[in-house]
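Worksheet: one structure, shown below.
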Amino acid sequence: MDRPLGSVIQGSLSKGLEVRLHADVSVEDMRVGKFLVVRGVRSHFFCMLTDVSLGTSSARILSNPPNPNDDFLLAVLAGSSTYGTIELSPMLMLTAEREKQQAIFDPKNGGIRENKLALGNLASFESQTGADIELLPVKTIPSHFSQVFDAKETDFRAVFGWEDDPYRRNFAIGKPIDMDVAVCLDLDRFVERSNGVFGKSGTGKSFLTRLLLSGIIRKQAAVNLIFDMHSEYGWEAVSEGKQFSTVKGLRQLFPDKIQIYTLDPESTKRRGVRDAQELFLSFDQIEVEDIALVQRELNLSEASIENAIILRNELGSGWINKLLEMTNEDIQMFCEEKRGNKSSIMALQRKLERLNDLKYIRKRCPKNYVTEVLQCLDGGKNVVIEFGSHSDLLSYMLAANVITRRIHQAYVRKAEKFLQSKNPCDRPQPLVITIEEAHRFLDPAIVRSTIFGTIAREMRKYFVTLLIVDQRPSGIDAEVMSQVGTRITALLNDDKDIDAIFTGVSGGQSLRSVLAKLDSKQQALVLGHAVPMPVVVQTRPYDEQFYREIGDIDWQEMPDEQVFAEAESAKMDLGF
């Protein structure tokens, strides 16, 4: 039989519940982020522990505390005169809905997954009421002296589902901090909106991102375009720790589902990456909006950007090539005819010369590499774009913006065709674009002029969403943060960053203390669209066991022919 931990003594819907622990329960067993269940008269309430405190029944005890060696007096006082209290934030409630549930419950069409969540401990609640049950948002609180219990495995399964559910694309992202049971994301809901992975440097954002991308690829929830700024996702990367070791990249886990493109072929070859395709961009593909995005990196004035618009309007798509070829006399003549500013245009010409130093920029390309990337995505292949030695912000921001803008344009055309035809064959496959250093693209000053700001606000209108990876969420525009569907947040210390995480989240104030007290490694607060309620998880290890579970093959020291032969075998075994 379950042992009650305490009784609800007071609380409110807005501020949460205060629970007095029973005498036989140690306050040291209560950890912030713990998942508890309050069993009320008509409902069960799923709650997160947000604070722990100590209380006494008399101020005299505080002014004259007992001797710490007097075990007898300490035992006498414990539970009655001295006690522990915890603060709970109700997240979900489970209420009997007799008529409603019986009317819609149909086990033949899988309704048991959607409407009948009576499992384990919750089954006793169902038997007492004689009705089916449903998880609902919290709109009331339990009565005085309702008993509080530890959440069990069956409670978690009722709320978060299970990874092998045949009716949903669930993916286990980790486990509760004090239990051995999976906490699952609903990947279909996850890819419906833009999402974020946040945390200060060194908290494991890259490992979390690899986990999420592996789940999306394994469950085929969407196709991915990954801008790999530091070469951490496509091929093997260095693991954090005292001893040197490496972890596998997505290409090793899914050899037939990943295509790597590189902006720095020499760096990619030195790392031993197999079959990476070169990718180049031409000046003709760079527009004024792309230049405006890197205005700070190029040290351009507003006047230079305004004159770039004049040049673009007069010279067409090849305006950068033509500008770089102009002499001082040509610029003087242009300004006299088109009313441009000579000093601003000359400054623009001088600073755009820096783009010639980028190895992936060509005056003219023999083919359209962005079209090749789009064809890979259309074929269901996930694309990783490595930057190699081009990991400076100028290179990263310029290439990511140029490529994303053109791919987004293609998806807009596809979505419009689908809306016109209503033919399921025309429906675009959902696309998730992963970007690091996201605050550089989504800064309030420039967010409306970048393609990433447009995508974040569109809410998957054109089947394209973002996976934002960043250590400074406070640098992201508040409107964009309010549109982020699911937020997976590791430890943050800065108050501004913590405030940004809870932008647009009701009841976020009670979760601030939870986020501030996470461990520095392998813990995260998950909240938003893809989970029924906020939960703290010990994140799933990205290790050999995960490789086997996700569909790994042995990739070390294997010739390419053997890699692809075994990949085809793994593809058949795993049902791809």
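By convention here, the chains of the structure tokens are called A, B, ... in the order presented, each chain's residues are numbered starting at 1, and ligands are numbered starting at 1 in the order presented.
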### Message
I'd like to know which residues of region 280-324 of chain A are helix (DSSP H, G or I) (by DSSP, run on the backbone); could you write them as a ChimeraX atom specification?
### Response
/A:283-285,288-293,295-298,302-324
### Task
Determine, counting only C-alpha atoms, which protein, DNA and RNA residues have an atom within 9 Å of an atom of region 534-547 of chain A; residues of the same chain fewer than 2 positions away are not included. Present the result as a PyMOL selection string.
chain A and resi 33-35+48+91+172-178+182-183+207-208+210-211+247-248+253+511+514-515+518+521-528+531-532+549-553
### Surrounding residues of Ala237 (chain A) excluding itself and chain neighbours under 3 positions, 10 Å, only C-alpha atoms, as a ChimeraX atom specification
/A:230-234,240,245-249,271
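Within 10 Å of Asp188 (chain A), once only C-alpha atoms are used and residues closer than 6 positions along the same chain are dropped, the contacting residues are A:Arg168, A:Arg169, A:Asn170, A:Ile216, A:Lys219, A:Gln220, A:Ala221, A:Ala222, A:Pro430, A:Ala530.
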Go ahead and write the selection's residues with all heavy atoms as a PDB file, in the first residue's frame.
```pdb
ATOM      1  N   ARG A 168       1.320   6.645 -31.403  1.00  0.00           N
ATOM      2  CA  ARG A 168       1.945   7.960 -31.332  1.00  0.00           C
ATOM      3  C   ARG A 168       3.437   7.843 -31.596  1.00  0.00           C
ATOM      4  O   ARG A 168       4.036   6.805 -31.340  1.00  0.00           O
ATOM      5  CB  ARG A 168       1.737   8.595 -29.944  1.00  0.00           C
ATOM      6  CG  ARG A 168       0.295   8.956 -29.644  1.00  0.00           C
ATOM      7  CD  ARG A 168       0.183   9.509 -28.245  1.00  0.00           C
ATOM      8  NE  ARG A 168      -1.190   9.847 -27.923  1.00  0.00           N
ATOM      9  CZ  ARG A 168      -1.622  10.161 -26.705  1.00  0.00           C
ATOM     10  NH1 ARG A 168      -0.769  10.162 -25.700  1.00  0.00           N
ATOM     11  NH2 ARG A 168      -2.881  10.461 -26.489  1.00  0.00           N
ATOM     12  N   ARG A 169       4.023   8.945 -32.075  1.00  0.00           N
ATOM     13  CA  ARG A 169       5.473   9.012 -32.233  1.00  0.00           C
ATOM     14  C   ARG A 169       6.076   9.571 -30.948  1.00  0.00           C
ATOM     15  O   ARG A 169       6.429  10.742 -30.868  1.00  0.00           O
ATOM     16  CB  ARG A 169       5.847   9.886 -33.431  1.00  0.00           C
ATOM     17  CG  ARG A 169       5.558   9.270 -34.793  1.00  0.00           C
ATOM     18  CD  ARG A 169       6.201  10.126 -35.879  1.00  0.00           C
ATOM     19  NE  ARG A 169       6.009   9.584 -37.199  1.00  0.00           N
ATOM     20  CZ  ARG A 169       5.091  10.012 -38.065  1.00  0.00           C
ATOM     21  NH1 ARG A 169       4.255  10.987 -37.702  1.00  0.00           N
ATOM     22  NH2 ARG A 169       4.975   9.486 -39.263  1.00  0.00           N
ATOM     23  N   ASN A 170       6.168   8.743 -29.935  1.00  0.00           N
ATOM     24  CA  ASN A 170       6.752   9.163 -28.664  1.00  0.00           C
ATOM     25  C   ASN A 170       8.254   8.875 -28.651  1.00  0.00           C
ATOM     26  O   ASN A 170       8.702   7.869 -29.191  1.00  0.00           O
ATOM     27  CB  ASN A 170       6.097   8.435 -27.496  1.00  0.00           C
ATOM     28  CG  ASN A 170       4.694   8.961 -27.205  1.00  0.00           C
ATOM     29  OD1 ASN A 170       4.333  10.064 -27.637  1.00  0.00           O
ATOM     30  ND2 ASN A 170       3.905   8.195 -26.480  1.00  0.00           N
ATOM     31  N   ILE A 216      13.722  12.409 -33.879  1.00  0.00           N
ATOM     32  CA  ILE A 216      12.937  12.861 -35.038  1.00  0.00           C
ATOM     33  C   ILE A 216      13.255  12.012 -36.262  1.00  0.00           C
ATOM     34  O   ILE A 216      12.358  11.626 -37.026  1.00  0.00           O
ATOM     35  CB  ILE A 216      13.217  14.353 -35.316  1.00  0.00           C
ATOM     36  CG1 ILE A 216      12.688  15.216 -34.163  1.00  0.00           C
ATOM     37  CG2 ILE A 216      12.573  14.788 -36.630  1.00  0.00           C
ATOM     38  CD1 ILE A 216      13.098  16.666 -34.256  1.00  0.00           C
ATOM     39  N   LYS A 219      11.977   8.227 -35.726  1.00  0.00           N
ATOM     40  CA  LYS A 219      10.519   8.104 -35.794  1.00  0.00           C
ATOM     41  C   LYS A 219       9.939   8.711 -37.070  1.00  0.00           C
ATOM     42  O   LYS A 219       8.724   8.668 -37.281  1.00  0.00           O
ATOM     43  CB  LYS A 219       9.887   8.797 -34.584  1.00  0.00           C
ATOM     44  CG  LYS A 219      10.306   8.218 -33.237  1.00  0.00           C
ATOM     45  CD  LYS A 219       9.591   6.933 -32.926  1.00  0.00           C
ATOM     46  CE  LYS A 219       9.903   6.442 -31.520  1.00  0.00           C
ATOM     47  NZ  LYS A 219       9.139   5.257 -31.139  1.00  0.00           N
ATOM     48  N   GLN A 220      10.808   9.315 -37.906  1.00  0.00           N
ATOM     49  CA  GLN A 220      10.389   9.916 -39.169  1.00  0.00           C
ATOM     50  C   GLN A 220       9.282  10.943 -38.966  1.00  0.00           C
ATOM     51  O   GLN A 220       8.312  11.014 -39.725  1.00  0.00           O
ATOM     52  CB  GLN A 220       9.940   8.832 -40.153  1.00  0.00           C
ATOM     53  CG  GLN A 220      11.023   7.816 -40.464  1.00  0.00           C
ATOM     54  CD  GLN A 220      10.603   6.778 -41.492  1.00  0.00           C
ATOM     55  OE1 GLN A 220       9.761   7.046 -42.340  1.00  0.00           O
ATOM     56  NE2 GLN A 220      11.178   5.591 -41.414  1.00  0.00           N
ATOM     57  N   ALA A 221       9.438  11.764 -37.928  1.00  0.00           N
ATOM     58  CA  ALA A 221       8.450  12.805 -37.649  1.00  0.00           C
ATOM     59  C   ALA A 221       8.612  14.006 -38.571  1.00  0.00           C
ATOM     60  O   ALA A 221       7.649  14.739 -38.823  1.00  0.00           O
ATOM     61  CB  ALA A 221       8.566  13.259 -36.195  1.00  0.00           C
ATOM     62  N   ALA A 222       9.826  14.227 -39.072  1.00  0.00           N
ATOM     63  CA  ALA A 222      10.102  15.355 -39.970  1.00  0.00           C
ATOM     64  C   ALA A 222      11.451  15.120 -40.611  1.00  0.00           C
ATOM     65  O   ALA A 222      12.211  14.225 -40.218  1.00  0.00           O
ATOM     66  CB  ALA A 222      10.089  16.681 -39.208  1.00  0.00           C
ATOM     67  N   PRO A 430       7.120  17.820 -43.235  1.00  0.00           N
ATOM     68  CA  PRO A 430       7.559  18.840 -42.272  1.00  0.00           C
ATOM     69  C   PRO A 430       9.085  18.952 -42.228  1.00  0.00           C
ATOM     70  O   PRO A 430       9.800  17.948 -42.274  1.00  0.00           O
ATOM     71  CB  PRO A 430       7.004  18.329 -40.941  1.00  0.00           C
ATOM     72  CG  PRO A 430       5.833  17.481 -41.324  1.00  0.00           C
ATOM     73  CD  PRO A 430       6.205  16.841 -42.632  1.00  0.00           C
ATOM     74  N   ALA A 530       4.862  19.829 -26.441  1.00  0.00           N
ATOM     75  CA  ALA A 530       5.078  18.398 -26.689  1.00  0.00           C
ATOM     76  C   ALA A 530       4.967  17.542 -25.436  1.00  0.00           C
ATOM     77  O   ALA A 530       5.089  16.323 -25.521  1.00  0.00           O
ATOM     78  CB  ALA A 530       6.441  18.166 -27.345  1.00  0.00           C
TER      79      ALA A 530
END
```
### Message
Which residues are near Asp290 (chain A)? Cut-off 8 Å, only C-alpha atoms, ignore same chain within fewer than 5 positions. Put them as a PyMOL selection string.
### Response
chain A and resi 398+401-402+450
Can I get the selected residues back with N, CA and C atoms, as a PDB file, in the first residue's frame?
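The file below, out.pdb, is the result:
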```pdb
ATOM      1  N   LEU A 398      25.790  34.473 -42.486  1.00  0.00           N
ATOM      2  CA  LEU A 398      25.541  34.739 -43.902  1.00  0.00           C
ATOM      3  C   LEU A 398      25.072  33.478 -44.619  1.00  0.00           C
ATOM      4  N   ASN A 401      21.555  32.182 -43.399  1.00  0.00           N
ATOM      5  CA  ASN A 401      20.437  33.010 -43.840  1.00  0.00           C
ATOM      6  C   ASN A 401      20.160  32.834 -45.328  1.00  0.00           C
ATOM      7  N   VAL A 402      21.219  32.801 -46.138  1.00  0.00           N
ATOM      8  CA  VAL A 402      21.042  32.652 -47.593  1.00  0.00           C
ATOM      9  C   VAL A 402      20.366  31.313 -47.922  1.00  0.00           C
ATOM     10  N   THR A 450      15.052  39.023 -40.754  1.00  0.00           N
ATOM     11  CA  THR A 450      15.694  37.737 -41.005  1.00  0.00           C
ATOM     12  C   THR A 450      14.656  36.677 -41.315  1.00  0.00           C
TER      13      THR A 450
END
```
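Shortest separation to Thr371 (chain A) among A:Leu281, A:Leu491, A:Leu352, A:Ala456 occurs at residue A:Leu281, atoms counted being only C-alpha atoms.
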### Message
List as number ranges by chain the protein and nucleic acid residues near Leu467 (chain A), meaning an atom at most 12 Å away when only C-alpha atoms are counted, but skip any in the same chain fewer than 6 places from it.
### Response
A: 190-198, 205-206, 208-210, 212-213, 216, 222, 224-227, 431-438, 452, 455-456, 484-488
Restricting the output to N, CA, C and O atoms, write the selected residues as a compact mmCIF listing (two decimals), in the first residue's frame.
```
# COMPACT_ATOMS: atom_id res chain seq x y z
N PHE A 190 5.77 18.03 -31.26
CA PHE A 190 7.04 18.73 -31.17
C PHE A 190 7.36 19.46 -32.47
O PHE A 190 7.78 20.62 -32.45
N VAL A 191 7.17 18.80 -33.61
CA VAL A 191 7.54 19.41 -34.89
C VAL A 191 6.46 20.36 -35.41
O VAL A 191 6.66 21.01 -36.43
N GLU A 192 5.33 20.44 -34.71
CA GLU A 192 4.28 21.36 -35.14
C GLU A 192 4.68 22.82 -34.93
O GLU A 192 4.16 23.70 -35.61
N ARG A 193 5.55 23.08 -33.98
CA ARG A 193 5.94 24.45 -33.67
C ARG A 193 7.46 24.54 -33.56
O ARG A 193 8.15 23.54 -33.45
N SER A 194 7.96 25.77 -33.55
CA SER A 194 9.39 25.97 -33.31
C SER A 194 9.69 25.68 -31.85
O SER A 194 8.86 25.92 -30.96
N ASN A 195 10.88 25.14 -31.58
CA ASN A 195 11.24 24.69 -30.24
C ASN A 195 12.63 25.20 -29.88
O ASN A 195 13.38 25.66 -30.75
N GLY A 196 12.99 25.10 -28.60
CA GLY A 196 14.28 25.61 -28.16
C GLY A 196 14.99 24.69 -27.19
O GLY A 196 14.35 24.04 -26.36
N VAL A 197 16.31 24.62 -27.30
CA VAL A 197 17.18 23.96 -26.34
C VAL A 197 18.08 25.04 -25.75
O VAL A 197 18.88 25.65 -26.47
N PHE A 198 17.94 25.30 -24.45
CA PHE A 198 18.64 26.40 -23.82
C PHE A 198 19.48 25.90 -22.64
O PHE A 198 19.21 24.85 -22.07
N LYS A 205 24.03 21.18 -24.11
CA LYS A 205 23.02 21.51 -25.12
C LYS A 205 23.21 20.69 -26.39
O LYS A 205 22.24 20.24 -27.01
N SER A 206 24.47 20.49 -26.80
CA SER A 206 24.72 19.73 -28.03
C SER A 206 24.27 18.28 -27.89
O SER A 206 23.72 17.70 -28.83
N LEU A 208 21.87 17.19 -25.88
CA LEU A 208 20.40 17.22 -25.91
C LEU A 208 19.89 17.35 -27.34
O LEU A 208 18.92 16.69 -27.73
N THR A 209 20.54 18.21 -28.11
CA THR A 209 20.12 18.43 -29.49
C THR A 209 20.30 17.16 -30.31
O THR A 209 19.44 16.80 -31.13
N ARG A 210 21.43 16.44 -30.12
CA ARG A 210 21.62 15.17 -30.82
C ARG A 210 20.52 14.17 -30.46
O ARG A 210 20.03 13.44 -31.33
N LEU A 212 17.43 14.80 -29.54
CA LEU A 212 16.17 15.20 -30.18
C LEU A 212 16.20 14.90 -31.68
O LEU A 212 15.23 14.37 -32.24
N LEU A 213 17.31 15.25 -32.33
CA LEU A 213 17.41 15.00 -33.77
C LEU A 213 17.37 13.50 -34.07
O LEU A 213 16.73 13.08 -35.04
N ILE A 216 13.72 12.41 -33.88
CA ILE A 216 12.94 12.86 -35.04
C ILE A 216 13.25 12.01 -36.26
O ILE A 216 12.36 11.63 -37.03
N ALA A 222 9.83 14.23 -39.07
CA ALA A 222 10.10 15.35 -39.97
C ALA A 222 11.45 15.12 -40.61
O ALA A 222 12.21 14.23 -40.22
N ASN A 224 15.16 17.02 -41.50
CA ASN A 224 15.94 18.03 -40.78
C ASN A 224 16.98 18.70 -41.67
O ASN A 224 17.64 18.04 -42.48
N LEU A 225 17.13 20.01 -41.48
CA LEU A 225 18.24 20.78 -42.04
C LEU A 225 19.01 21.34 -40.86
O LEU A 225 18.47 22.13 -40.08
N ILE A 226 20.27 20.92 -40.68
CA ILE A 226 21.04 21.23 -39.49
C ILE A 226 22.24 22.07 -39.88
O ILE A 226 23.11 21.62 -40.64
N PHE A 227 22.31 23.29 -39.35
CA PHE A 227 23.48 24.14 -39.56
C PHE A 227 24.47 23.84 -38.44
O PHE A 227 24.30 24.30 -37.30
N LEU A 431 9.56 20.18 -42.13
CA LEU A 431 11.00 20.46 -42.10
C LEU A 431 11.35 21.16 -40.79
O LEU A 431 10.70 22.15 -40.41
N VAL A 432 12.35 20.66 -40.10
CA VAL A 432 12.88 21.29 -38.88
C VAL A 432 14.28 21.81 -39.18
O VAL A 432 15.15 21.04 -39.61
N ILE A 433 14.50 23.10 -38.98
CA ILE A 433 15.80 23.73 -39.23
C ILE A 433 16.47 24.01 -37.88
O ILE A 433 15.92 24.72 -37.05
N THR A 434 17.65 23.43 -37.68
CA THR A 434 18.38 23.58 -36.42
C THR A 434 19.44 24.67 -36.58
O THR A 434 20.28 24.60 -37.48
N ILE A 435 19.40 25.67 -35.68
CA ILE A 435 20.39 26.75 -35.70
C ILE A 435 20.98 26.94 -34.31
O ILE A 435 20.27 26.88 -33.31
N GLU A 436 22.29 27.16 -34.25
CA GLU A 436 22.97 27.53 -33.02
C GLU A 436 23.19 29.04 -32.99
O GLU A 436 23.04 29.71 -34.01
N GLU A 437 23.56 29.54 -31.81
CA GLU A 437 23.73 30.99 -31.62
C GLU A 437 22.50 31.73 -32.15
O GLU A 437 22.58 32.73 -32.86
N ALA A 438 21.32 31.23 -31.76
CA ALA A 438 20.07 31.71 -32.35
C ALA A 438 19.81 33.18 -32.05
O ALA A 438 19.14 33.87 -32.83
N PHE A 452 14.70 33.71 -40.26
CA PHE A 452 14.44 32.90 -39.07
C PHE A 452 13.35 33.53 -38.21
O PHE A 452 12.54 32.83 -37.60
N ILE A 455 10.07 32.59 -39.92
CA ILE A 455 9.69 31.19 -39.68
C ILE A 455 9.16 31.02 -38.25
O ILE A 455 8.16 30.34 -38.02
N ALA A 456 9.83 31.65 -37.27
CA ALA A 456 9.42 31.50 -35.88
C ALA A 456 8.02 32.03 -35.65
O ALA A 456 7.27 31.49 -34.82
N VAL A 484 7.70 29.97 -29.09
CA VAL A 484 8.45 28.72 -28.99
C VAL A 484 7.56 27.68 -28.31
O VAL A 484 7.12 27.88 -27.17
N GLY A 485 7.31 26.56 -28.98
CA GLY A 485 6.34 25.59 -28.49
C GLY A 485 6.83 24.79 -27.31
O GLY A 485 6.19 24.73 -26.26
N THR A 486 7.99 24.15 -27.44
CA THR A 486 8.54 23.30 -26.39
C THR A 486 9.93 23.82 -26.03
O THR A 486 10.75 24.05 -26.92
N ARG A 487 10.17 24.00 -24.74
CA ARG A 487 11.45 24.53 -24.27
C ARG A 487 12.13 23.49 -23.39
O ARG A 487 11.55 23.04 -22.39
N ILE A 488 13.32 23.09 -23.79
CA ILE A 488 14.10 22.12 -23.03
C ILE A 488 15.30 22.88 -22.50
O ILE A 488 16.19 23.26 -23.26
```
### Query
Near Phe418 (chain A), within 12 Å and counting only C-alpha atoms, which residues show up once chain neighbours fewer than 3 positions away are dropped, as a PyMOL selection string?
chain A and resi 411-415+421-429+461-463
Expected file: the selected residues, C-alpha atoms, as a compact mmCIF listing (two decimals), in the first residue's frame:
```txt
# COMPACT_ATOMS: atom_id res chain seq x y z
CA TYR A 411 8.38 25.43 -49.12
CA VAL A 412 6.03 28.40 -49.46
CA ARG A 413 5.40 27.42 -53.08
CA LYS A 414 4.83 23.78 -52.08
CA ALA A 415 2.42 24.72 -49.30
CA SER A 421 -4.96 21.04 -54.82
CA LYS A 422 -5.89 19.46 -51.44
CA ASN A 423 -4.05 16.41 -52.78
CA PRO A 424 -2.24 14.49 -49.97
CA CYS A 425 0.56 13.72 -52.42
CA ASP A 426 1.31 17.47 -52.62
CA ARG A 427 1.59 17.88 -48.85
CA PRO A 428 5.18 18.96 -47.98
CA GLN A 429 7.05 16.82 -45.49
CA LYS A 461 2.10 27.72 -41.65
CA TYR A 462 4.36 26.49 -44.46
CA PHE A 463 5.44 23.23 -42.74
```
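A straight line drawn from CA of Val370 (chain A) to CA of Ser267 (chain A) is 20.7 Å long.
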### Which of region 220-306 of chain A DSSP labels strand (DSSP E), written as a ChimeraX atom specification
/A:223-228,237-238,246-247,258-262,277-278,281-282
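Between CA of Lys367 (chain A) and CA of Gln285 (chain A) the separation is 11.8 Å.
Distances to Ser57 (chain A) were evaluated for A:Leu311, A:Ile86, A:Ala78, A:Leu466 using only C-alpha atoms, and the minimum falls at A:Ala78.
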#### Entry: Nearest residue to Tyr369 (chain A) from the set A:Asp186, A:Asp29, A:Asp150, A:Glu278 (distances using only C-alpha atoms)
A:Glu278
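The closest residue to Phe145 (chain A), picked from A:Gly6, A:Gly84, A:Gly453, A:Gly316 and counting only C-alpha atoms, is A:Gly6.
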